[in-house]
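> Coordinates in coords-v2.cif, mmCIF, C-alpha atoms, are listed below.
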```
data_upload
#
loop_
_atom_site.label_atom_id
_atom_site.label_comp_id
_atom_site.auth_asym_id
_atom_site.auth_seq_id
_atom_site.Cartn_x
_atom_site.Cartn_y
_atom_site.Cartn_z
CA MET A 37 -29.81 68.39 72.92
CA LYS A 38 -29.05 67.51 76.53
CA ARG A 39 -31.65 64.79 76.41
CA LEU A 40 -30.14 63.23 73.32
CA LEU A 41 -27.59 61.07 75.11
CA VAL A 42 -28.09 57.97 77.22
CA THR A 43 -27.06 59.14 80.67
CA THR A 44 -27.01 57.90 84.20
CA LYS A 45 -26.32 61.39 85.66
CA GLU A 46 -27.31 64.80 84.32
CA PRO A 47 -24.07 66.62 83.47
CA GLN A 48 -23.66 70.34 84.12
CA ILE A 49 -22.26 71.29 80.69
CA PRO A 50 -24.31 70.50 77.59
CA HIS A 51 -22.78 67.67 75.57
CA TRP A 52 -23.01 69.52 72.28
CA LEU A 53 -20.82 72.25 73.79
CA ILE A 54 -18.19 69.71 74.91
CA ALA A 55 -18.23 67.98 71.51
CA GLY A 56 -18.05 71.27 69.59
CA GLY A 57 -15.25 72.57 71.81
CA LEU A 58 -13.27 69.35 71.41
CA LEU A 59 -13.73 69.50 67.63
CA ILE A 60 -12.35 73.05 67.57
CA ILE A 61 -9.42 72.04 69.81
CA ILE A 62 -8.64 69.09 67.50
CA GLY A 63 -8.79 71.40 64.45
CA VAL A 64 -6.45 73.98 66.00
CA ALA A 65 -4.03 71.32 67.30
CA GLU A 66 -3.88 69.77 63.84
CA LEU A 67 -3.30 73.14 62.20
CA VAL A 68 -0.40 73.84 64.56
CA GLY A 69 1.02 70.35 64.00
CA VAL A 70 0.77 69.13 67.58
CA LEU A 71 -1.01 65.95 66.47
CA GLN A 72 1.78 64.69 64.18
CA PRO A 73 3.42 62.49 66.89
CA LEU A 74 -0.04 61.05 67.59
CA ARG A 75 -0.40 60.13 63.91
CA ARG A 76 3.04 58.47 63.93
CA PHE A 77 2.11 56.50 67.03
CA GLY A 78 -1.23 55.51 65.50
CA GLU A 79 0.47 54.32 62.31
CA GLN A 80 2.84 52.12 64.32
CA ILE A 81 -0.12 50.44 65.99
CA THR A 82 -2.25 50.06 62.88
CA GLN A 83 0.45 48.85 60.47
CA PRO A 84 0.26 45.14 61.47
CA PHE A 85 -3.52 45.29 61.10
CA LEU A 86 -3.29 46.87 57.65
CA ARG A 87 -0.65 44.37 56.49
CA THR A 88 -2.68 41.37 57.69
CA SER A 89 -5.99 42.63 56.33
CA SER A 90 -4.56 43.38 52.87
CA ALA A 91 -3.12 39.82 52.79
CA VAL A 92 -6.54 38.43 53.79
CA VAL A 93 -8.33 40.53 51.15
CA TYR A 94 -5.81 39.46 48.50
CA SER A 95 -6.35 35.76 49.32
CA THR A 96 -10.13 36.17 49.45
CA LEU A 97 -10.27 37.87 46.06
CA PHE A 98 -8.00 35.26 44.45
CA PRO A 99 -10.84 32.87 43.37
CA TYR A 100 -12.78 35.85 41.95
CA ARG A 101 -9.75 36.89 39.89
CA MET A 102 -9.25 33.32 38.73
CA ILE A 103 -12.83 33.14 37.49
CA THR A 104 -12.83 36.55 35.79
CA ASN A 105 -9.49 35.89 34.08
CA ALA A 106 -10.24 32.29 33.10
CA HIS A 107 -11.93 33.12 29.79
CA GLN A 108 -8.88 35.15 28.70
CA SER A 109 -6.30 32.59 29.80
CA TYR A 110 -5.96 30.69 26.53
CA SER A 111 -5.30 33.73 24.33
CA ARG A 112 -3.11 35.23 27.03
CA ILE A 113 -0.89 32.12 27.24
CA GLN A 114 -0.56 32.04 23.45
CA ASP A 115 0.44 35.69 23.47
CA LEU A 116 2.91 35.13 26.29
CA GLU A 117 4.51 32.18 24.48
CA LEU A 118 4.98 34.34 21.41
CA ARG A 119 6.48 37.16 23.46
CA TYR A 120 8.68 34.71 25.34
CA SER A 121 10.25 33.36 22.16
CA GLU A 122 10.78 36.93 20.90
CA VAL A 123 12.42 37.93 24.18
CA LEU A 124 14.66 34.84 24.16
CA ALA A 125 15.85 35.80 20.70
CA GLN A 126 16.68 39.32 21.90
CA LEU A 127 18.32 38.16 25.12
CA GLY A 128 21.62 36.96 23.62
CA GLU A 129 22.02 40.22 21.73
CA LEU A 130 21.24 42.25 24.86
CA GLN A 131 23.73 40.34 26.99
CA SER A 132 26.56 41.01 24.58
CA LEU A 133 25.49 44.70 24.41
CA ARG A 134 25.46 44.92 28.21
CA ALA A 135 28.95 43.42 28.47
CA GLU A 136 30.15 45.86 25.84
CA ASN A 137 28.47 48.73 27.68
CA GLU A 138 30.08 47.79 31.02
CA GLU A 139 33.51 47.56 29.34
CA LEU A 140 32.99 51.02 27.87
CA ARG A 141 31.93 52.37 31.28
CA LYS A 142 35.07 50.95 32.86
CA VAL A 143 37.20 52.60 30.18
CA LEU A 144 35.40 55.94 30.66
CA GLY A 145 35.43 55.63 34.47
CA VAL A 146 31.64 55.89 34.86
CA ALA A 147 29.85 54.00 37.64
CA PRO A 148 27.77 50.96 36.60
CA SER A 149 24.31 52.01 35.48
CA ASP A 150 22.26 50.01 38.01
CA ILE A 151 23.58 51.78 41.12
CA ARG A 152 22.53 55.24 39.98
CA HIS A 153 19.01 54.76 41.32
CA LYS A 154 17.89 53.51 44.69
CA ARG A 155 15.44 50.62 44.61
CA MET A 156 13.41 48.83 47.23
CA ILE A 157 10.63 46.29 47.53
CA THR A 158 7.67 47.03 49.75
CA THR A 159 4.31 45.47 50.63
CA ILE A 160 0.91 46.66 49.46
CA ILE A 161 -1.32 47.53 52.43
CA GLY A 162 -4.37 48.97 50.67
CA TYR A 163 -6.17 48.11 47.46
CA GLY A 164 -9.27 50.32 47.76
CA GLN A 165 -7.10 53.38 47.90
CA PRO A 166 -3.68 52.18 46.68
CA LEU A 167 -1.28 52.28 49.63
CA ILE A 168 2.12 50.74 50.32
CA GLU A 169 4.00 50.16 53.53
CA LYS A 170 6.82 52.50 54.47
CA HIS A 171 9.35 52.13 57.28
CA ALA A 172 11.13 55.03 58.93
CA GLN A 173 14.46 54.23 57.22
CA ASP A 174 12.95 53.90 53.73
CA PHE A 175 13.83 56.56 51.14
CA ILE A 176 10.30 56.66 49.65
CA SER A 177 9.28 60.19 48.77
CA GLU A 178 6.64 61.88 46.62
CA GLY A 179 7.11 61.36 42.88
CA ASN A 180 9.13 58.11 43.09
CA MET A 181 8.36 55.47 40.48
CA VAL A 182 6.34 52.39 41.44
CA LEU A 183 6.94 49.24 39.41
CA ILE A 184 5.72 45.67 39.23
CA ALA A 185 7.88 43.22 37.26
CA GLN A 186 9.91 46.10 35.77
CA THR A 187 6.70 47.74 34.51
CA LEU A 188 5.85 51.26 35.61
CA ILE A 189 2.40 51.24 37.21
CA GLY A 190 2.38 54.59 39.00
CA ARG A 191 4.10 57.15 41.16
CA ILE A 192 4.21 57.84 44.86
CA GLY A 193 1.66 60.40 46.08
CA LYS A 194 1.24 61.56 49.66
CA VAL A 195 3.76 60.05 52.09
CA SER A 196 3.47 59.76 55.85
CA GLU A 197 5.58 58.00 58.47
CA GLY A 198 4.17 54.52 57.98
CA GLN A 199 2.54 54.48 54.57
CA ALA A 200 2.68 55.99 51.10
CA GLU A 201 -0.11 56.51 48.60
CA VAL A 202 0.34 55.19 45.05
CA GLN A 203 -1.06 57.24 42.17
CA LEU A 204 -1.75 54.55 39.60
CA LEU A 205 -1.29 55.33 35.92
CA LEU A 206 -4.82 54.13 35.23
CA HIS A 207 -6.28 56.65 37.66
CA PRO A 208 -7.73 59.63 35.74
CA LEU A 209 -6.41 62.18 38.24
CA SER A 210 -2.82 60.94 38.37
CA GLN A 211 -0.01 62.97 36.84
CA SER A 212 0.61 62.28 33.13
CA ILE A 213 3.91 60.76 31.99
CA LEU A 214 5.81 61.41 28.79
CA ALA A 215 6.33 58.23 26.80
CA LYS A 216 7.60 56.97 23.47
CA THR A 217 7.06 53.92 21.33
CA GLU A 218 9.72 51.62 19.86
CA SER A 219 9.49 53.55 16.60
CA GLY A 220 10.18 56.83 18.43
CA ILE A 221 6.65 58.30 18.41
CA SER A 222 6.03 60.22 21.61
CA GLY A 223 2.85 60.89 23.53
CA ILE A 224 1.42 61.26 27.03
CA VAL A 225 0.46 58.31 29.21
CA ALA A 226 -2.67 58.84 31.33
CA GLY A 227 -5.50 56.73 32.67
CA ASN A 228 -9.25 56.81 32.26
CA GLY A 229 -10.03 54.87 35.43
CA ARG A 230 -10.05 51.46 33.74
CA GLN A 231 -7.24 51.52 31.19
CA VAL A 232 -3.84 53.07 30.65
CA LEU A 233 -3.77 55.19 27.49
CA LEU A 234 -1.12 56.71 25.26
CA LYS A 235 -2.68 60.03 24.30
CA GLU A 236 -1.85 63.10 22.25
CA VAL A 237 -0.20 61.12 19.46
CA PRO A 238 -0.48 62.94 16.09
CA ILE A 239 -3.06 61.32 13.82
CA GLU A 240 -0.53 60.86 11.01
CA ALA A 241 1.87 58.87 13.27
CA GLU A 242 1.88 55.15 12.45
CA LEU A 243 1.37 53.29 15.70
CA LYS A 244 1.42 49.50 15.57
CA VAL A 245 -0.45 47.09 17.79
CA GLY A 246 2.06 45.16 19.90
CA GLU A 247 4.63 47.97 19.96
CA GLN A 248 6.30 48.57 23.31
CA VAL A 249 5.84 51.91 25.08
CA THR A 250 8.54 53.19 27.42
CA THR A 251 9.12 56.38 29.38
CA LEU A 252 10.71 59.29 27.60
CA GLY A 253 12.38 60.60 30.74
CA GLN A 254 11.32 63.59 32.81
CA LEU A 255 11.88 64.99 36.28
CA GLY A 256 11.65 62.05 38.71
CA ILE A 257 11.08 59.50 35.93
CA GLN A 258 13.93 57.55 34.34
CA SER A 259 13.93 57.06 30.60
CA ASP A 260 13.30 53.67 28.93
CA VAL A 261 11.21 52.18 31.71
CA PHE A 262 8.64 49.79 30.28
CA ILE A 263 5.01 50.95 30.59
CA GLY A 264 3.17 48.48 28.38
CA LYS A 265 2.52 47.40 24.82
CA ILE A 266 -0.12 48.79 22.48
CA GLN A 267 -3.26 46.67 22.65
CA SER A 268 -5.54 48.64 20.35
CA LEU A 269 -5.82 51.99 18.61
CA HIS A 270 -8.60 54.53 18.82
CA ARG A 271 -8.96 57.16 16.09
CA GLU A 272 -11.82 59.64 15.99
CA ASP A 273 -12.91 61.24 12.73
CA GLY A 274 -11.70 64.80 12.46
CA SER A 275 -9.51 64.60 15.56
CA PRO A 276 -5.90 65.78 15.18
CA THR A 277 -4.69 63.12 17.63
CA GLN A 278 -5.11 59.41 18.22
CA THR A 279 -5.14 57.32 21.37
CA ALA A 280 -3.63 53.91 22.00
CA ILE A 281 -4.85 51.57 24.74
CA LEU A 282 -1.93 49.94 26.53
CA ASP A 283 -1.69 46.45 27.97
CA GLN A 284 0.55 46.49 31.02
CA GLY A 285 0.46 42.76 31.65
CA VAL A 286 0.58 43.39 35.40
CA SER A 287 -1.88 44.92 37.81
CA PHE A 288 -1.52 46.58 41.20
CA TYR A 289 -4.66 44.75 42.33
CA GLU A 290 -3.16 41.34 41.52
CA SER A 291 0.15 41.87 43.33
CA ARG A 292 1.32 41.69 46.91
CA VAL A 293 4.55 43.66 46.59
CA VAL A 294 5.83 46.53 44.45
CA GLU A 295 9.22 47.99 43.64
CA VAL A 296 9.86 51.64 44.40
CA ARG A 297 12.60 53.36 42.42
CA GLN A 298 14.01 56.78 43.17
CA MET B 194 -11.68 44.67 84.82
CA ARG B 195 -14.43 43.05 82.75
CA GLN B 196 -15.30 46.47 81.38
CA PHE B 197 -11.66 47.08 80.43
CA ILE B 198 -11.41 43.72 78.62
CA ARG B 199 -14.65 44.46 76.80
CA TYR B 200 -13.47 47.90 75.64
CA THR B 201 -10.05 46.56 74.59
CA GLY B 202 -11.72 43.74 72.66
CA PHE B 203 -14.01 46.21 70.95
CA PHE B 204 -11.05 48.43 70.10
CA PHE B 205 -9.12 45.59 68.42
CA LEU B 206 -12.27 44.47 66.62
CA PHE B 207 -12.72 48.03 65.38
CA LEU B 208 -9.11 48.17 64.15
CA SER B 209 -9.43 44.82 62.35
CA LEU B 210 -12.73 45.73 60.69
CA LEU B 211 -11.53 49.19 59.71
CA SER B 212 -8.24 47.98 58.24
CA THR B 213 -10.04 45.21 56.30
CA GLU B 214 -12.46 47.75 54.88
CA ARG B 215 -9.49 50.03 54.16
CA ALA B 216 -7.96 47.30 52.01
CA ILE B 217 -11.14 47.16 49.91
CA GLY B 218 -12.60 50.66 49.97
CA LEU B 219 -14.75 52.88 52.16
CA PRO B 220 -15.53 52.23 55.86
CA CYS B 221 -19.11 51.14 55.12
CA LEU B 222 -19.82 48.67 57.91
CA THR B 223 -17.61 50.41 60.47
CA LEU B 224 -19.43 53.72 60.10
CA ALA B 225 -22.80 51.99 60.44
CA ILE B 226 -21.89 50.02 63.57
CA LEU B 227 -19.62 52.51 65.33
CA PRO B 228 -22.11 55.32 66.13
CA LEU B 229 -24.53 52.72 67.41
CA SER B 230 -21.93 51.16 69.70
CA LEU B 231 -20.87 54.57 70.98
CA SER B 232 -24.49 55.53 71.73
CA LEU B 233 -24.70 52.72 74.27
CA LEU B 234 -21.82 54.08 76.36
CA HIS B 235 -21.77 56.40 79.36
CA PRO B 236 -21.36 60.06 78.19
CA TRP B 237 -17.78 60.54 79.44
CA ILE B 238 -16.60 57.17 78.12
CA LYS B 239 -18.42 58.04 74.93
CA VAL B 240 -16.45 61.29 74.52
CA GLY B 241 -13.14 59.48 75.18
CA SER B 242 -14.01 56.67 72.78
CA TRP B 243 -15.15 59.17 70.14
CA ILE B 244 -11.74 60.93 70.26
CA VAL B 245 -9.68 57.70 70.27
CA LEU B 246 -11.68 56.10 67.45
CA SER B 247 -11.57 59.35 65.44
CA ILE B 248 -7.77 59.32 65.70
CA PHE B 249 -7.56 55.75 64.42
CA LEU B 250 -10.10 56.41 61.66
CA ALA B 251 -7.95 59.38 60.59
CA VAL B 252 -4.72 57.37 60.74
CA ILE B 253 -6.01 54.32 58.87
CA TYR B 254 -7.81 56.35 56.18
CA HIS B 255 -5.19 59.09 55.94
CA LEU B 256 -7.78 61.75 56.80
CA PRO B 257 -7.36 65.03 58.67
CA PHE B 258 -8.22 64.44 62.36
CA VAL B 259 -10.86 67.13 62.30
CA LEU B 260 -12.68 65.53 59.33
CA SER B 261 -12.63 62.12 60.96
CA ALA B 262 -13.87 63.50 64.31
CA GLY B 263 -16.53 65.58 62.50
CA ILE B 264 -17.81 62.60 60.53
CA LEU B 265 -18.12 60.43 63.63
CA LEU B 266 -19.79 63.24 65.57
CA PHE B 267 -22.29 63.82 62.74
CA LEU B 268 -23.20 60.12 62.66
CA LEU B 269 -23.36 59.96 66.45
CA ILE B 270 -25.71 62.94 66.70
CA LEU B 271 -27.84 61.61 63.85
CA THR B 272 -28.12 58.19 65.51
CA GLU B 273 -28.91 59.57 68.94
CA TYR B 274 -31.41 62.10 67.62
CA ARG B 275 -33.31 59.27 65.97
CA PHE B 276 -33.05 57.13 69.10
CA GLN B 277 -34.28 59.95 71.33
CA PHE B 278 -37.70 59.98 69.78
CA PHE B 279 -37.59 56.40 68.51
CA GLN B 280 -38.49 57.65 65.11
CA ARG B 281 -38.75 55.14 62.35
CA GLU B 282 -37.03 57.06 59.64
CA THR B 283 -34.74 54.61 57.95
CA LEU B 284 -34.27 56.91 54.99
CA LYS B 285 -32.90 59.80 57.09
CA LEU B 286 -30.37 57.58 58.89
CA PHE B 287 -29.37 55.97 55.60
CA SER B 288 -29.07 59.39 53.90
CA GLY B 289 -26.69 60.55 56.65
CA TRP B 290 -24.58 57.45 56.12
CA ILE B 291 -24.62 57.96 52.33
CA ILE B 292 -23.53 61.63 52.76
CA VAL B 293 -20.56 60.53 54.87
CA GLN B 294 -19.57 57.84 52.34
CA GLY B 295 -19.88 60.39 49.53
CA ILE B 296 -17.60 62.86 51.35
CA LEU B 297 -15.01 60.13 51.98
CA PHE B 298 -15.21 58.89 48.40
CA TRP B 299 -14.63 62.41 47.11
CA TYR B 300 -11.88 63.15 49.61
CA LEU B 301 -9.97 59.90 49.02
CA ARG B 302 -10.40 60.05 45.22
CA LEU B 303 -11.09 56.34 45.43
CA PRO B 304 -10.47 54.50 42.14
CA LEU B 305 -13.63 52.55 41.42
CA THR B 306 -12.81 49.05 40.20
CA PHE B 307 -15.50 46.52 39.37
CA ALA B 308 -14.75 44.51 42.53
CA ASN B 309 -14.99 47.42 44.94
CA MET B 310 -18.06 48.82 43.16
CA ILE B 311 -19.81 45.49 43.79
CA TYR B 312 -18.53 45.52 47.39
CA HIS B 313 -19.91 49.01 48.04
CA LEU B 314 -23.27 48.22 46.43
CA VAL B 315 -23.70 45.03 48.47
CA LEU B 316 -22.59 46.79 51.65
CA SER B 317 -25.01 49.68 51.02
CA GLY B 318 -27.84 47.17 50.77
CA LEU B 319 -26.71 45.46 53.97
CA VAL B 320 -26.49 48.76 55.84
CA LEU B 321 -29.97 49.71 54.66
CA LEU B 322 -31.29 46.40 56.02
CA PHE B 323 -29.24 46.86 59.19
CA ILE B 324 -30.76 50.30 59.80
CA ARG B 325 -34.24 49.08 58.96
CA TYR B 326 -34.33 46.07 61.26
CA TRP B 327 -31.65 46.55 63.91
CA TYR B 328 -30.96 50.24 64.24
CA ARG B 329 -34.49 51.28 65.07
CA GLY B 330 -37.63 49.78 66.55
CA GLN B 331 -39.40 47.40 64.23
CA ASP B 332 -42.72 45.85 65.05
CA LYS B 333 -42.08 42.58 63.28
CA LEU B 334 -38.66 41.94 64.76
CA PRO B 335 -38.64 43.56 68.23
CA GLN B 336 -36.14 41.04 69.61
CA LEU B 337 -33.55 42.21 67.09
CA SER B 338 -34.06 45.92 67.64
CA ILE B 339 -31.22 47.81 69.25
CA ALA B 340 -33.47 50.85 69.54
CA GLU B 341 -35.72 48.82 71.83
CA ARG B 342 -32.68 47.89 73.85
CA VAL B 343 -31.68 51.55 74.19
CA LYS B 344 -35.23 52.35 75.26
CA LYS B 345 -35.00 49.70 78.00
CA VAL B 346 -31.59 51.05 79.12
CA ARG B 347 -33.11 54.52 79.45
CA LEU B 348 -36.16 53.38 81.34
CA SER B 349 -34.17 51.28 83.82
#
```
The structure given in the file should be rewritten as structure tokens.

Amino acid sequence: MKRLLVTTKEPQIPHWLIAGGLLIIIGVAELVGVLQPLRRFGEQITQPFLRTSSAVVYSTLFPYRMITNAHQSYSRIQDLELRYSEVLAQLGELQSLRAENEELRKVLGVAPSDIRHKRMITTIIGYGQPLIEKHAQDFISEGNMVLIAQTLIGRIGKVSEGQAEVQLLLHPLSQSILAKTESGISGIVAGNGRQVLLKEVPIEAELKVGEQVTTLGQLGIQSDVFIGKIQSLHREDGSPTQTAILDQGVSFYESRVVEVRQ
Amino acid sequence: MRQFIRYTGFFFLFLSLLSTERAIGLPCLTLAILPLSLSLLHPWIKVGSWIVLSIFLAVIYHLPFVLSAGILLFLLILTEYRFQFFQRETLKLFSGWIIVQGILFWYLRLPLTFANMIYHLVLSGLVLLFIRYWYRGQDKLPQLSIAERVKKVRLS
């Protein structure tokens, strides 16, 4: 093994022994937690690199996304126009309901609803493994909701000093979320790696394509947060449940920033 | 001084390449080039560089330090073992690289999108070519062979 390395002088101690010893020292130091400051320091240095490279990757992949999405554009715009007119019709009603709600809150002495949860915007620094930037003063912690355009796309996973992992809803190993449709049918939202699905819905429940799916509310997840609308239904013969494929309208991979909500 | 500038330049290049690959997926190119670059260094500088680069690999990829150092050491030993005897075993070098990528893929639970699947396939092909023509001695392209260069360094 001594002869394996390109040397100018023959060292006294075999290199494999030095390397093995160092590996053991690193392992023990990590186990004890001595290397944590080193990780913090490393993250401070690497953060500008990660931010710049994710911006470069995003810009480079933009033409690819344009080409792959081009064939869907026409039907997508038509669908958006339809949804836009529907939303406009609902907006007036919602505004008067909000005003009424705020008046009622004032009368009851309850704080306005939108300051109950902390929110912040942060930059995406990794697409391969979804990662977002985190500063020392940020509140980001494991389990927080991650949203794009008011749509829930995932939750925060492992957090370190300078970055936080995002567990996307479409990832098969991410934690499932309880959800309900507009008509009140509940199910579990999980991913299969490519799509976000509403699963475990009883076969007799009448799901409709185009129905909105929102969160039901659970520990760490607010209720009534938009997840997506039902794109198609999948029913297997003899199965007691059915699955709906959801269209989120937004994608982590096509965004530069995300909202984190506590 | 020139040496210092060279090492600093290499370090920043390493950080840029690694963080770009991090934005897309696995450290394919970095882990093909890095062991080779480390092999050309003096043993003590090599040990120092191995530790520093392991730390940054661990930080950028959110890996335990010991896994990152172990992976680099495995690739380094594999590369140098092949260089020692100037063996022309592309498949063994490539298999080592594939094993490391597999471990990282499993550890990071990397979501495989169409774009990064294409990226990893193209990069795997490139690395295979890289190992075949540059990593080891090749009769047809001796001027491009880094193994030949290492051989010359040893003989001088």
> Using the chain letters and numbers from this file, what does the PyMOL selection byres ((chain B) within 9 of (chain A)) select? Give the answer as JSON, numbers by chain.
{"B": [208, 209, 210, 211, 212, 213, 214, 215, 216, 217, 218, 219, 232, 233, 234, 235, 236, 240, 244, 248, 249, 251, 252, 253, 254, 255, 257, 258, 259, 260, 262, 263, 266, 270, 273, 274, 275, 276, 277, 278, 301, 302, 303, 304, 305, 306, 308, 309, 343, 346, 347]}
> Can I get the selection written as an mmCIF file, in the coordinates of the input, with C-alpha atoms?

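Below you can see again.cif, which holds the result:
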```cif
data_model
loop_
_atom_site.group_PDB
_atom_site.id
_atom_site.type_symbol
_atom_site.label_atom_id
_atom_site.label_comp_id
_atom_site.auth_asym_id
_atom_site.auth_seq_id
_atom_site.Cartn_x
_atom_site.Cartn_y
_atom_site.Cartn_z
ATOM 1 C CA LEU B 208 -9.110 48.170 64.150
ATOM 2 C CA SER B 209 -9.430 44.820 62.350
ATOM 3 C CA LEU B 210 -12.730 45.730 60.690
ATOM 4 C CA LEU B 211 -11.530 49.190 59.710
ATOM 5 C CA SER B 212 -8.240 47.980 58.240
ATOM 6 C CA THR B 213 -10.040 45.210 56.300
ATOM 7 C CA GLU B 214 -12.460 47.750 54.880
ATOM 8 C CA ARG B 215 -9.490 50.030 54.160
ATOM 9 C CA ALA B 216 -7.960 47.300 52.010
ATOM 10 C CA ILE B 217 -11.140 47.160 49.910
ATOM 11 C CA GLY B 218 -12.600 50.660 49.970
ATOM 12 C CA LEU B 219 -14.750 52.880 52.160
ATOM 13 C CA SER B 232 -24.490 55.530 71.730
ATOM 14 C CA LEU B 233 -24.700 52.720 74.270
ATOM 15 C CA LEU B 234 -21.820 54.080 76.360
ATOM 16 C CA HIS B 235 -21.770 56.400 79.360
ATOM 17 C CA PRO B 236 -21.360 60.060 78.190
ATOM 18 C CA VAL B 240 -16.450 61.290 74.520
ATOM 19 C CA ILE B 244 -11.740 60.930 70.260
ATOM 20 C CA ILE B 248 -7.770 59.320 65.700
ATOM 21 C CA PHE B 249 -7.560 55.750 64.420
ATOM 22 C CA ALA B 251 -7.950 59.380 60.590
ATOM 23 C CA VAL B 252 -4.720 57.370 60.740
ATOM 24 C CA ILE B 253 -6.010 54.320 58.870
ATOM 25 C CA TYR B 254 -7.810 56.350 56.180
ATOM 26 C CA HIS B 255 -5.190 59.090 55.940
ATOM 27 C CA PRO B 257 -7.360 65.030 58.670
ATOM 28 C CA PHE B 258 -8.220 64.440 62.360
ATOM 29 C CA VAL B 259 -10.860 67.130 62.300
ATOM 30 C CA LEU B 260 -12.680 65.530 59.330
ATOM 31 C CA ALA B 262 -13.870 63.500 64.310
ATOM 32 C CA GLY B 263 -16.530 65.580 62.500
ATOM 33 C CA LEU B 266 -19.790 63.240 65.570
ATOM 34 C CA ILE B 270 -25.710 62.940 66.700
ATOM 35 C CA GLU B 273 -28.910 59.570 68.940
ATOM 36 C CA TYR B 274 -31.410 62.100 67.620
ATOM 37 C CA ARG B 275 -33.310 59.270 65.970
ATOM 38 C CA PHE B 276 -33.050 57.130 69.100
ATOM 39 C CA GLN B 277 -34.280 59.950 71.330
ATOM 40 C CA PHE B 278 -37.700 59.980 69.780
ATOM 41 C CA LEU B 301 -9.970 59.900 49.020
ATOM 42 C CA ARG B 302 -10.400 60.050 45.220
ATOM 43 C CA LEU B 303 -11.090 56.340 45.430
ATOM 44 C CA PRO B 304 -10.470 54.500 42.140
ATOM 45 C CA LEU B 305 -13.630 52.550 41.420
ATOM 46 C CA THR B 306 -12.810 49.050 40.200
ATOM 47 C CA ALA B 308 -14.750 44.510 42.530
ATOM 48 C CA ASN B 309 -14.990 47.420 44.940
ATOM 49 C CA VAL B 343 -31.680 51.550 74.190
ATOM 50 C CA VAL B 346 -31.590 51.050 79.120
ATOM 51 C CA ARG B 347 -33.110 54.520 79.450
#
```
> Nearest residue to A:Arg297 out of A:Ser222, A:Gln211, A:Gln231, A:Thr187, using all atoms listed in the file?
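Smallest separation from A:Arg297 among the options: A:Thr187.
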> Return as AutoDock Vina command-line options the box centre and box size in Å, one decimal, for an axis-aligned box around all listed atoms of stretch 168-171 of chain A padded by 4 Å per side.

```
--center_x 5.7 --center_y 51.3 --center_z 53.8 --size_x 15.2 --size_y 10.3 --size_z 15.0
```
> Here's the selection I'm unsure about, the PyMOL selection byres ((chain B and resi 200) around 12); applied to the file above, which residues does it give, as a VMD selection string?
chain B and resid 194 to 199 201 to 207 230 to 231 234 238 to 239 241 to 242 245 to 246
> Nearest to B:Leu322 among B:Leu284, B:Leu297, B:Met310, B:Leu229, with distances taken over only C-alpha atoms: which residue is it?
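Closest residue, counting only C-alpha atoms: B:Leu284.
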> Selection in question (the file shown): the PyMOL selection byres ((chain A and resi 249-251) around 8). Which residues does it include, as a PDB file with C-alpha atoms, in the frame of the given file?

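Writing done, so here's part21.pdb:
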```
ATOM      1  CA  ILE A 213       3.910  60.760  31.990  1.00  0.00           C
ATOM      2  CA  LEU A 214       5.810  61.410  28.790  1.00  0.00           C
ATOM      3  CA  ALA A 215       6.330  58.230  26.800  1.00  0.00           C
ATOM      4  CA  LYS A 216       7.600  56.970  23.470  1.00  0.00           C
ATOM      5  CA  THR A 217       7.060  53.920  21.330  1.00  0.00           C
ATOM      6  CA  GLU A 218       9.720  51.620  19.860  1.00  0.00           C
ATOM      7  CA  GLU A 247       4.630  47.970  19.960  1.00  0.00           C
ATOM      8  CA  GLN A 248       6.300  48.570  23.310  1.00  0.00           C
ATOM      9  CA  LEU A 252      10.710  59.290  27.600  1.00  0.00           C
ATOM     10  CA  GLY A 253      12.380  60.600  30.740  1.00  0.00           C
ATOM     11  CA  ILE A 257      11.080  59.500  35.930  1.00  0.00           C
ATOM     12  CA  GLN A 258      13.930  57.550  34.340  1.00  0.00           C
ATOM     13  CA  SER A 259      13.930  57.060  30.600  1.00  0.00           C
ATOM     14  CA  ASP A 260      13.300  53.670  28.930  1.00  0.00           C
ATOM     15  CA  VAL A 261      11.210  52.180  31.710  1.00  0.00           C
ATOM     16  CA  PHE A 262       8.640  49.790  30.280  1.00  0.00           C
ATOM     17  CA  ILE A 263       5.010  50.950  30.590  1.00  0.00           C
ATOM     18  CA  GLY A 264       3.170  48.480  28.380  1.00  0.00           C
ATOM     19  CA  LYS A 265       2.520  47.400  24.820  1.00  0.00           C
ATOM     20  CA  ILE A 266      -0.120  48.790  22.480  1.00  0.00           C
TER      21      ILE A 266
END
```
> Give me, please, the distance in Å between atom CA of A:Gln278 and atom CA of A:Ala226, quoted to one decimal.
13.3 Å
> Distance atom CA of A:Asn228-atom CA of A:Glu272, one decimal place?
16.7 Å
> Might you pull out every residue within 6 Å of A:Ile189, with only C-alpha atoms counted and same-chain residues fewer than 4 positions away left off, and present them as a PyMOL selection string?
chain A and resi 182-183+204-205
> Which residue is closest to B:Leu224? Choose from B:Tyr300, B:Phe307, B:Leu314, B:Ile324 and count all atoms listed in the file.
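Closest residue, counting all atoms listed in the file: B:Ile324.
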